[in-house]
Amino acid sequence: MFCIKDSLNKVQQQITDAAHAAQRDAAEITLLAVSKTRPQEALRTAYEQGQRHFGENYLQEGLDKVEALADLQDICWHFIGPLQSNKTRPVAEHFDWVHSVDRLKIARRLSEQRPEGKAPLNLCLQVNISREESKAGCLPEEVATLAREIDALPGVTLRGLMAIPKATDDAAEQRDAFAQMQTLFNTLKAELPSLDTLSMGMSGDMAAAIAEGATIVRIGTAVFGPRDYSKKQN
């Protein structure tokens with residue numbers, strides 16, 4: 001039987017080992033448990049083991065979980081999936097982070113729709129670092145201008161950059177894509193010193209991402225086990 005407690009411990013140890021190899025402090029790296037398609041009971045189990053950050057890709061599923069787990073007061077919800085402009089309001093109202101902002105229109109709507117009295121919504125600018133036509137994200141050369149515009153918006157806080165590089169098992173290719181992201185981040189941080197987040201790295205390339213400065217790694221299957229995609233999501 002799959003044990004979430006054991007899997008969380010294993011992933012945290014992998015993060016620690018990768019950080020040590022990169023001469024980094026593992027405390028600088030946040031494990032974001034990607035919980036799409038997972039039942040709320042699995043998230044509650046992970047929470048009981050100390051996990052606090054959860055990432056959802058599908059809006060309605062994510063909203064259902066936010067409501068069902070509202071008693072977990074210090075849980076932190078990250079929206080990490082594609083976001084259409086007509087669906088920004090519930091994200092602005094119920095999530096703490098959005099990793100998939102790739103154009104100013106989305107950021108403006110999130111800014112306008114963030115409820116008064118709530119802490120600013122944390123945003124990451126998604127970068128199509130591998131220039132894949134099938135991938136969302138702004139191009140590297142668009143990052144600086146877009147970041148400046150987003151940084152000026154009220155109700156939101158630009159925290160940093162997110163990327164999903166082209167999938168590869170080649171460690172050198174993984175490192176190269178993440179190194180490009182780190183260079184882009186460092187250049188941007190020189191202008192916007194409040195930036196502190198590089199969201200990159202998943203189960204297959206987490207060590208390479210950590211070696212190149214990732215501060216958030218997004219891990220799903222290694223935490224929760226194989227996914228069941230039999231239920232339709234939206």
# chains A, B, ... in the order shown; residues from 1 in each chain; ligands from 1
>>> residues_around(residues="range 39-52 of chain A", least_positions_apart="5", cutoff="9 Å", atoms="only C-alpha atoms", output="PDB file with N, CA and C atoms, in the first residue's frame")
ATOM      1  N   ILE A   4       1.731   7.914   2.094  1.00  0.00           N
ATOM      2  CA  ILE A   4       2.071   9.313   1.848  1.00  0.00           C
ATOM      3  C   ILE A   4       3.139   9.798   2.822  1.00  0.00           C
ATOM      4  N   LYS A   5       3.073   9.339   4.067  1.00  0.00           N
ATOM      5  CA  LYS A   5       4.095   9.736   5.041  1.00  0.00           C
ATOM      6  C   LYS A   5       5.483   9.339   4.569  1.00  0.00           C
ATOM      7  N   LEU A   8       6.535  11.406   1.401  1.00  0.00           N
ATOM      8  CA  LEU A   8       6.934  12.772   1.748  1.00  0.00           C
ATOM      9  C   LEU A   8       8.333  12.795   2.350  1.00  0.00           C
ATOM     10  N   LEU A  31       8.756  22.484  -0.975  1.00  0.00           N
ATOM     11  CA  LEU A  31       8.105  21.392  -1.695  1.00  0.00           C
ATOM     12  C   LEU A  31       6.644  21.764  -1.934  1.00  0.00           C
ATOM     13  N   LEU A  32       6.275  21.898  -3.190  1.00  0.00           N
ATOM     14  CA  LEU A  32       4.889  22.138  -3.573  1.00  0.00           C
ATOM     15  C   LEU A  32       4.295  20.803  -4.022  1.00  0.00           C
ATOM     16  N   ALA A  33       3.394  20.262  -3.236  1.00  0.00           N
ATOM     17  CA  ALA A  33       2.769  18.977  -3.549  1.00  0.00           C
ATOM     18  C   ALA A  33       1.681  19.204  -4.603  1.00  0.00           C
ATOM     19  N   ASP A  64     -13.116  23.210  -5.060  1.00  0.00           N
ATOM     20  CA  ASP A  64     -13.790  22.234  -4.195  1.00  0.00           C
ATOM     21  C   ASP A  64     -12.893  21.857  -3.014  1.00  0.00           C
ATOM     22  N   LYS A  65     -11.603  21.690  -3.275  1.00  0.00           N
ATOM     23  CA  LYS A  65     -10.678  21.311  -2.209  1.00  0.00           C
ATOM     24  C   LYS A  65     -10.445  22.469  -1.235  1.00  0.00           C
ATOM     25  N   ALA A  68     -13.401  22.345   0.975  1.00  0.00           N
ATOM     26  CA  ALA A  68     -13.462  21.161   1.819  1.00  0.00           C
ATOM     27  C   ALA A  68     -12.402  21.160   2.919  1.00  0.00           C
ATOM     28  N   LEU A  69     -11.275  21.816   2.649  1.00  0.00           N
ATOM     29  CA  LEU A  69     -10.160  21.819   3.602  1.00  0.00           C
ATOM     30  C   LEU A  69      -9.987  23.181   4.271  1.00  0.00           C
ATOM     31  N   LEU A  72      -8.191  23.788   7.640  1.00  0.00           N
ATOM     32  CA  LEU A  72      -6.729  23.748   7.755  1.00  0.00           C
ATOM     33  C   LEU A  72      -6.216  25.169   7.525  1.00  0.00           C
ATOM     34  N   ASP A  74      -3.612  27.122   7.992  1.00  0.00           N
ATOM     35  CA  ASP A  74      -2.342  27.599   7.443  1.00  0.00           C
ATOM     36  C   ASP A  74      -1.958  26.882   6.158  1.00  0.00           C
ATOM     37  N   ILE A  75      -2.931  26.233   5.507  1.00  0.00           N
ATOM     38  CA  ILE A  75      -2.666  25.612   4.220  1.00  0.00           C
ATOM     39  C   ILE A  75      -2.478  26.709   3.172  1.00  0.00           C
ATOM     40  N   CYS A  76      -1.619  26.461   2.205  1.00  0.00           N
ATOM     41  CA  CYS A  76      -1.303  27.467   1.189  1.00  0.00           C
ATOM     42  C   CYS A  76      -1.607  26.889  -0.188  1.00  0.00           C
ATOM     43  N   TRP A  77      -2.500  27.562  -0.920  1.00  0.00           N
ATOM     44  CA  TRP A  77      -2.989  27.058  -2.204  1.00  0.00           C
ATOM     45  C   TRP A  77      -2.304  27.764  -3.372  1.00  0.00           C
ATOM     46  N   VAL A 223       4.899  12.134  -4.405  1.00  0.00           N
ATOM     47  CA  VAL A 223       4.269  12.389  -3.105  1.00  0.00           C
ATOM     48  C   VAL A 223       3.009  11.549  -2.921  1.00  0.00           C
ATOM     49  N   PHE A 224       2.150  11.516  -3.949  1.00  0.00           N
ATOM     50  CA  PHE A 224       0.824  10.925  -3.804  1.00  0.00           C
ATOM     51  C   PHE A 224       0.649   9.573  -4.488  1.00  0.00           C
TER      52      PHE A 224
END
>>> select_by_dssp(residues="range 26-228 of chain A", states="alpha helix (DSSP H)", output="count of residues only")
76
>>> select_by_dssp(residues="range 8-230 of chain A", states="strand (DSSP E)", output="PyMOL selection string")
chain A and resi 30-34+53-56+76-79+97-101+121-127+156-163+197-199+216-219
>>> write_last_selection(atoms="C-alpha atoms", output="CSV table (one decimal), in the first residue's frame")
chain,number,residue,atom,x,y,z
A,30,THR,CA,9.8,24.6,-0.8
A,31,LEU,CA,8.1,21.4,-1.7
A,32,LEU,CA,4.9,22.1,-3.6
A,33,ALA,CA,2.8,19.0,-3.5
A,34,VAL,CA,1.0,18.9,-6.9
A,53,HIS,CA,1.8,23.9,0.1
A,54,PHE,CA,-0.5,22.3,-2.5
A,55,GLY,CA,-0.7,23.0,-6.2
A,56,GLU,CA,-3.9,22.6,-8.3
A,76,CYS,CA,-1.3,27.5,1.2
A,77,TRP,CA,-3.0,27.1,-2.2
A,78,HIS,CA,-1.1,27.5,-5.5
A,79,PHE,CA,-2.8,27.6,-8.8
A,97,TRP,CA,-0.3,31.9,-5.4
A,98,VAL,CA,-0.6,31.8,-9.2
A,99,HIS,CA,2.4,30.3,-11.1
A,100,SER,CA,1.0,30.5,-14.6
A,101,VAL,CA,0.8,34.2,-15.4
A,121,LEU,CA,-1.8,37.5,-4.4
A,122,ASN,CA,1.6,36.1,-5.1
A,123,LEU,CA,2.4,35.7,-8.8
A,124,CYS,CA,5.1,33.9,-10.8
A,125,LEU,CA,5.6,34.8,-14.5
A,126,GLN,CA,5.6,31.7,-16.6
A,127,VAL,CA,8.5,31.6,-19.1
A,156,VAL,CA,-0.7,41.3,-6.4
A,157,THR,CA,3.0,40.8,-5.7
A,158,LEU,CA,5.4,39.5,-8.4
A,159,ARG,CA,7.5,36.9,-6.6
A,160,GLY,CA,9.5,35.5,-9.5
A,161,LEU,CA,9.5,33.1,-12.5
A,162,MET,CA,8.2,29.7,-13.3
A,163,ALA,CA,9.1,27.3,-16.1
A,197,THR,CA,11.1,32.7,-6.3
A,198,LEU,CA,12.2,30.3,-9.0
A,199,SER,CA,9.4,27.8,-9.4
A,216,ILE,CA,10.0,25.8,-5.3
A,217,VAL,CA,9.9,22.3,-6.8
A,218,ARG,CA,6.5,20.9,-7.9
A,219,ILE,CA,6.2,17.2,-7.1
>>> residues_around(residues="Ile129 in chain A", least_positions_apart="2", cutoff="8 Å", atoms="only C-alpha atoms", output="list in words")
Val127, Arg131, Leu139, Pro140, Ala163, Ile164, Pro165, Ala177, Gln180 and Met181 of chain A
>>> write_last_selection(atoms="N, CA and C atoms", output="PDB file, in the first residue's frame")
ATOM      1  N   VAL A 127       7.578  31.350 -17.975  1.00  0.00           N
ATOM      2  CA  VAL A 127       8.486  31.580 -19.094  1.00  0.00           C
ATOM      3  C   VAL A 127       8.572  30.317 -19.946  1.00  0.00           C
ATOM      4  N   ARG A 131      11.038  27.429 -25.653  1.00  0.00           N
ATOM      5  CA  ARG A 131      10.403  27.945 -26.875  1.00  0.00           C
ATOM      6  C   ARG A 131       9.596  26.859 -27.596  1.00  0.00           C
ATOM      7  N   LEU A 139       7.985  34.564 -23.791  1.00  0.00           N
ATOM      8  CA  LEU A 139       9.337  34.260 -24.254  1.00  0.00           C
ATOM      9  C   LEU A 139      10.355  34.987 -23.375  1.00  0.00           C
ATOM     10  N   PRO A 140      11.567  34.471 -23.277  1.00  0.00           N
ATOM     11  CA  PRO A 140      12.572  35.097 -22.410  1.00  0.00           C
ATOM     12  C   PRO A 140      12.773  36.584 -22.668  1.00  0.00           C
ATOM     13  N   ALA A 163       8.917  27.924 -14.789  1.00  0.00           N
ATOM     14  CA  ALA A 163       9.141  27.318 -16.101  1.00  0.00           C
ATOM     15  C   ALA A 163       8.916  25.819 -16.055  1.00  0.00           C
ATOM     16  N   ILE A 164       8.498  25.288 -17.209  1.00  0.00           N
ATOM     17  CA  ILE A 164       8.413  23.847 -17.433  1.00  0.00           C
ATOM     18  C   ILE A 164       9.226  23.573 -18.701  1.00  0.00           C
ATOM     19  N   PRO A 165      10.524  23.341 -18.573  1.00  0.00           N
ATOM     20  CA  PRO A 165      11.352  23.132 -19.771  1.00  0.00           C
ATOM     21  C   PRO A 165      10.942  21.882 -20.544  1.00  0.00           C
ATOM     22  N   ALA A 177      18.701  24.241 -19.371  1.00  0.00           N
ATOM     23  CA  ALA A 177      17.442  25.002 -19.380  1.00  0.00           C
ATOM     24  C   ALA A 177      17.248  25.734 -18.059  1.00  0.00           C
ATOM     25  N   GLN A 180      19.520  28.738 -17.754  1.00  0.00           N
ATOM     26  CA  GLN A 180      18.985  29.892 -18.484  1.00  0.00           C
ATOM     27  C   GLN A 180      17.951  30.620 -17.634  1.00  0.00           C
ATOM     28  N   MET A 181      17.123  29.861 -16.935  1.00  0.00           N
ATOM     29  CA  MET A 181      16.135  30.477 -16.058  1.00  0.00           C
ATOM     30  C   MET A 181      16.803  31.234 -14.914  1.00  0.00           C
TER      31      MET A 181
END
>>> residues_around(residues="range 106-108 of chain A", least_positions_apart="3", cutoff="9 Å", atoms="only C-alpha atoms", output="list in words")
Leu83, Gln84, Ser85, Thr88, Val101, Asp102, Arg103, Ser111, Glu112, Gln113, Leu123, Ile150, Leu153, Pro154 and Val156 of chain A
